[in-house]
Amino acid sequence: MKPLTLLIQILIIIGVTIKNMEAERYNKRQKERNITTQVSVNKVKRLLTQILEQRKLNKLTNKREYLLEKKKGQHKLKIKGIQNKDVPRRNKIHLKKQAKKNFTDQGDELFNMGIKILQESKGQKHKAEAYMLFAKAADMGNLKAMEKMADALLFGNFGMQNITAAIQLYESLAKEGSYKAQNALGFLSSYGIGMEYDQAKALIYYTFGSAGGSMMSQMILGYRYLSGINVLQNCEVALNHYKKVADYIADKLEKSEGIPVEKVSLGQLHLIGRKGLDQDYYKALYYFLKAAKAGSANAMAFIGKMYLEGNAAAPQNNATAFKYFSMAADKGNAIGLYGLGLLHFHGKGIPVNYAEALKYFQKAAEKGWPNAQFQLGFMYYSGSGVWKDYKLAFKYFYLASQSGQPLAIYYLAEMYATGTGVLRSCRTAVELYKGVCELGHWAEKFLTAYFAYKDGDIDSSLVQYAMLAEMGYEVAQSNSAFILESKKANILEKEKMYPMALLLWNRAAVQGNAFARVKIGDYHYYGYGTKKDYQTAATHYSIAADKYHSAQAMFNLAYMYEHGLGIAKDIHLARRLYDMAAQTSPDAHIPVFFALMKLETMHLLRDILFFNFTMRWKWMKLDNTVGPYWDLFVIGLLVAILIFLLRNHYR
C-alpha cells in the first residue's frame, strides 16, 4: 500500500475532510473562527493520524522481529567465534530497549503534565494545552493519553467528535486490556452508536471493564442488576457493584476532609471554581481576608480551612488554621467550631483530644452543621473516644444525610447493608450507595453536556447525557430522551430515536420522574416508537395522577374518560378530573375551562335531543294510562296550587 493512500485512509477514520493536501500539510488555510483553538484542534488531529499510522507500523515491525528472533532461537551456536560476533547485536538490542524506555518515560511525563494542567485550571485555553500534551504523549504510545484522546473523539471535546475514530482507538486499546475502552465499547453497543445495537455484547464489555477496575462499569452493572435491565434483577449483586464504587468515593471524601459550601461568596467561588470562575486560590484568599477584616465569621472559617488543607496560596499550617477557626468559633460560627473539632480529633498541631473534639462537634451540630453531625455519628459508630452506640450513630448520620452530607449517606448505607444497629435492607442500602456513587467525578459531564447543547452541539450533548443515563442518573435519562425525540441528533438513525427515547423515559419513570410517566402515556396514546394502545396510555396517566398528582396526567385522563378512549366513558368522572387538574396547577385553568365548556356544550346538545325523543314517548304513554284528558287535569292542578299560594300570601 502506498504511503499517500495509507495517510488518506487514516484521515478518513478520524473524520478530517481534505480538499487540498498541500494546503492541509502546511496549514495555510484556516476557517474564520478562534485561531488559537483551531490550530490546537488541527495539531491534535494530525497527531491522532500519526498515532494510528505508527501503531499499525509498530505491530508489523514487532511481528517481524518476533518471527526473526524465533527463527534464530531454533539454531544452536556451535562455533565460539560466532559468540563474539553476537556481542554487538546484544548491545544494539540493549540500546534499543533503553531508547524505548526513554521514549515511554517522555510520554509519561507529557501525560502527567497534561493532568496537572487540568487539575490546576478549568479554563478552555488550559484544557486545549492539556489535550495537546495528551496527543503528544499518545503519539509516544502512552495508553492513558490514548484513552484521553479516544474520549475526546467520543464526547466531542473542542469540536473533535468523531465516533468512527473513537471506536478504532477503543478497540485497539481494549485488546491491550484498557478497562476504560471496554466500558466505552459497552456503552456504544448498548445504544447502537457507531456499532451494532447488541445488549449481550454490551454486558460482556461492562463485565470485563468492571473486572479491570472501571468504576463506571461497576456503576452501570449495579444499576442494571437493580433494575433488571437485560439481566435478572438481583439486589445483592447490585449491592456488591454499588458498594465498590461508593467505597472508592468515600475514601476520597474522607481524605479531603472538605467543608461544603453553605453561603456562596466570591471567595468560595474562586476556591472551588464555579459559576464561570476558574479555581484561583490566591483570589479566594484575597476575598476571604478582605471579608474577615470586615468581621465575617464565615470568611475566617474558610481561611482556616485553606490553611488546614494547604494550597499554593495558603501552605498547610495547623497553627494558622487553629487561629482562624478560633476567631470564627468565638463568633459562634458553626464552621469554625467544626474546624476546631477536626483539629482536636485528628491531632493536627495539637494533641489528640476526643473529649474536646466531641464538645466542638456537638456545638456545631446544634447549629445544624451537617459535617459536625456526621462526625458525631462517626465517633459513636467507631467508638472513637466514646462507647459505641449504633442508635446514636444512626441518629446523627440520618440528620446529616438530610442535608446531603455524602459520608453520612455512605455510613447509613453501610449500616443497612450489614444490619448494624438497624434491620438489614438490601434495597435501602443500594439506594443509599447509589446516591453516593452519583457524586463521582463523572457527574461533571452534566455541565459539559449542558453547554454543548446550549452551543448547538447536539451530538456531543447527547453522547454525554446518554453515558450518564446508562449509569443510572434519572435526570440524564430524561435529558437524553428529550434530545432523541427532538430528532436533532445525527449519531442515530431517525427510526431508532423514538424507541430509544421511550426506553429512557421508562427508566426515568421507574425512578420516580412524574413527567417521564406522562410521556410514556403520550407515546402509547399517539403510537410514538410503539403501537397505539389507549389502555396502556390510560394506565400510565392514572399512575402519574394518583401517585404524583400530575395536572397534565389528570387532564389527559379526563379527556379519555370524556371520549371513552381505552376506558369506559364516564362524563361525571371526566368533569371531576378536569376540576382536579385546575386545582392542582394554576397553568391548567385555561385549558380546563375550554375543555369543560366543550364538554358541557356537547352534553347539553345531547340532552336536548334526548329530551325531544323521550317527551314524545312519555306523552304517548300517558294517553294510554291516564286517559285522553290528562293534560287538562294537570293544568287544573297547577291553577289550584297557584290560588292556594296567593291566598296564603295575602293573609
# chains A, B, ... in the order shown; residues from 1 in each chain; ligands from 1
>>> residues_around(residues="A:Lys293", least_positions_apart="6", cutoff="12 Å", atoms="only C-alpha atoms", output="list in words")
Tyr286, Tyr287, Ala299, Met300, Ile303, Tyr324, Met327 and Ala328 of chain A
>>> write_last_selection(atoms="N, CA, C and O atoms", output="PDB file, in the first residue's frame")
ATOM      1  N   TYR A 286      -7.584  36.254  48.965  1.00  0.00           N
ATOM      2  CA  TYR A 286      -7.708  37.717  48.984  1.00  0.00           C
ATOM      3  C   TYR A 286      -9.105  38.145  49.430  1.00  0.00           C
ATOM      4  O   TYR A 286      -9.261  38.995  50.320  1.00  0.00           O
ATOM      5  N   TYR A 287     -10.121  37.537  48.823  1.00  0.00           N
ATOM      6  CA  TYR A 287     -11.501  37.917  49.162  1.00  0.00           C
ATOM      7  C   TYR A 287     -11.880  37.473  50.580  1.00  0.00           C
ATOM      8  O   TYR A 287     -12.611  38.166  51.290  1.00  0.00           O
ATOM      9  N   ALA A 299     -15.865  33.877  56.546  1.00  0.00           N
ATOM     10  CA  ALA A 299     -14.590  34.086  55.864  1.00  0.00           C
ATOM     11  C   ALA A 299     -13.432  33.606  56.732  1.00  0.00           C
ATOM     12  O   ALA A 299     -12.491  32.963  56.243  1.00  0.00           O
ATOM     13  N   MET A 300     -13.499  33.892  58.033  1.00  0.00           N
ATOM     14  CA  MET A 300     -12.455  33.424  58.964  1.00  0.00           C
ATOM     15  C   MET A 300     -12.361  31.898  58.933  1.00  0.00           C
ATOM     16  O   MET A 300     -11.270  31.314  58.896  1.00  0.00           O
ATOM     17  N   ILE A 303     -10.735  30.669  55.729  1.00  0.00           N
ATOM     18  CA  ILE A 303      -9.275  30.866  55.747  1.00  0.00           C
ATOM     19  C   ILE A 303      -8.639  29.727  56.549  1.00  0.00           C
ATOM     20  O   ILE A 303      -7.617  29.152  56.147  1.00  0.00           O
ATOM     21  N   TYR A 324      -7.530  30.930  62.908  1.00  0.00           N
ATOM     22  CA  TYR A 324      -8.720  31.436  62.213  1.00  0.00           C
ATOM     23  C   TYR A 324      -9.985  30.670  62.597  1.00  0.00           C
ATOM     24  O   TYR A 324     -11.068  31.253  62.688  1.00  0.00           O
ATOM     25  N   MET A 327     -11.071  32.201  65.845  1.00  0.00           N
ATOM     26  CA  MET A 327     -11.699  33.505  65.636  1.00  0.00           C
ATOM     27  C   MET A 327     -13.158  33.344  65.193  1.00  0.00           C
ATOM     28  O   MET A 327     -14.051  34.056  65.669  1.00  0.00           O
ATOM     29  N   ALA A 328     -13.390  32.397  64.278  1.00  0.00           N
ATOM     30  CA  ALA A 328     -14.750  32.149  63.796  1.00  0.00           C
ATOM     31  C   ALA A 328     -15.614  31.536  64.890  1.00  0.00           C
ATOM     32  O   ALA A 328     -16.785  31.896  65.058  1.00  0.00           O
TER      33      ALA A 328
END
>>> residues_around(residues="A:Gln316", least_positions_apart="5", cutoff="10 Å", atoms="only C-alpha atoms", output="PyMOL selection string")
chain A and resi 304-311+321
>>> residues_around(residues="A:Ala365", least_positions_apart="6", cutoff="10 Å", atoms="only C-alpha atoms", output="PyMOL selection string")
chain A and resi 334-335+337-338+359+371-376+396+399-400
>>> closest_residue(among="A:Ala544, A:Leu221, A:Met471, A:Met500", to="A:Ala443", atoms="only C-alpha atoms")
A:Met471
>>> residues_around(residues="A:Ala150", least_positions_apart="5", cutoff="7 Å", atoms="only C-alpha atoms", output="list of chain:residue names")
A:Ala166, A:Leu169, A:Tyr170
>>> write_last_selection(atoms="N, CA and C atoms", output="PDB file, in the first residue's frame")
ATOM      1  N   ALA A 166     -13.042   7.218  17.275  1.00  0.00           N
ATOM      2  CA  ALA A 166     -13.054   6.824  18.685  1.00  0.00           C
ATOM      3  C   ALA A 166     -13.143   5.308  18.820  1.00  0.00           C
ATOM      4  N   LEU A 169      -9.822   3.590  18.061  1.00  0.00           N
ATOM      5  CA  LEU A 169      -8.876   3.679  19.173  1.00  0.00           C
ATOM      6  C   LEU A 169      -9.301   2.795  20.340  1.00  0.00           C
ATOM      7  N   TYR A 170     -10.586   2.808  20.665  1.00  0.00           N
ATOM      8  CA  TYR A 170     -11.074   1.998  21.784  1.00  0.00           C
ATOM      9  C   TYR A 170     -10.845   0.512  21.537  1.00  0.00           C
TER      10      TYR A 170
END
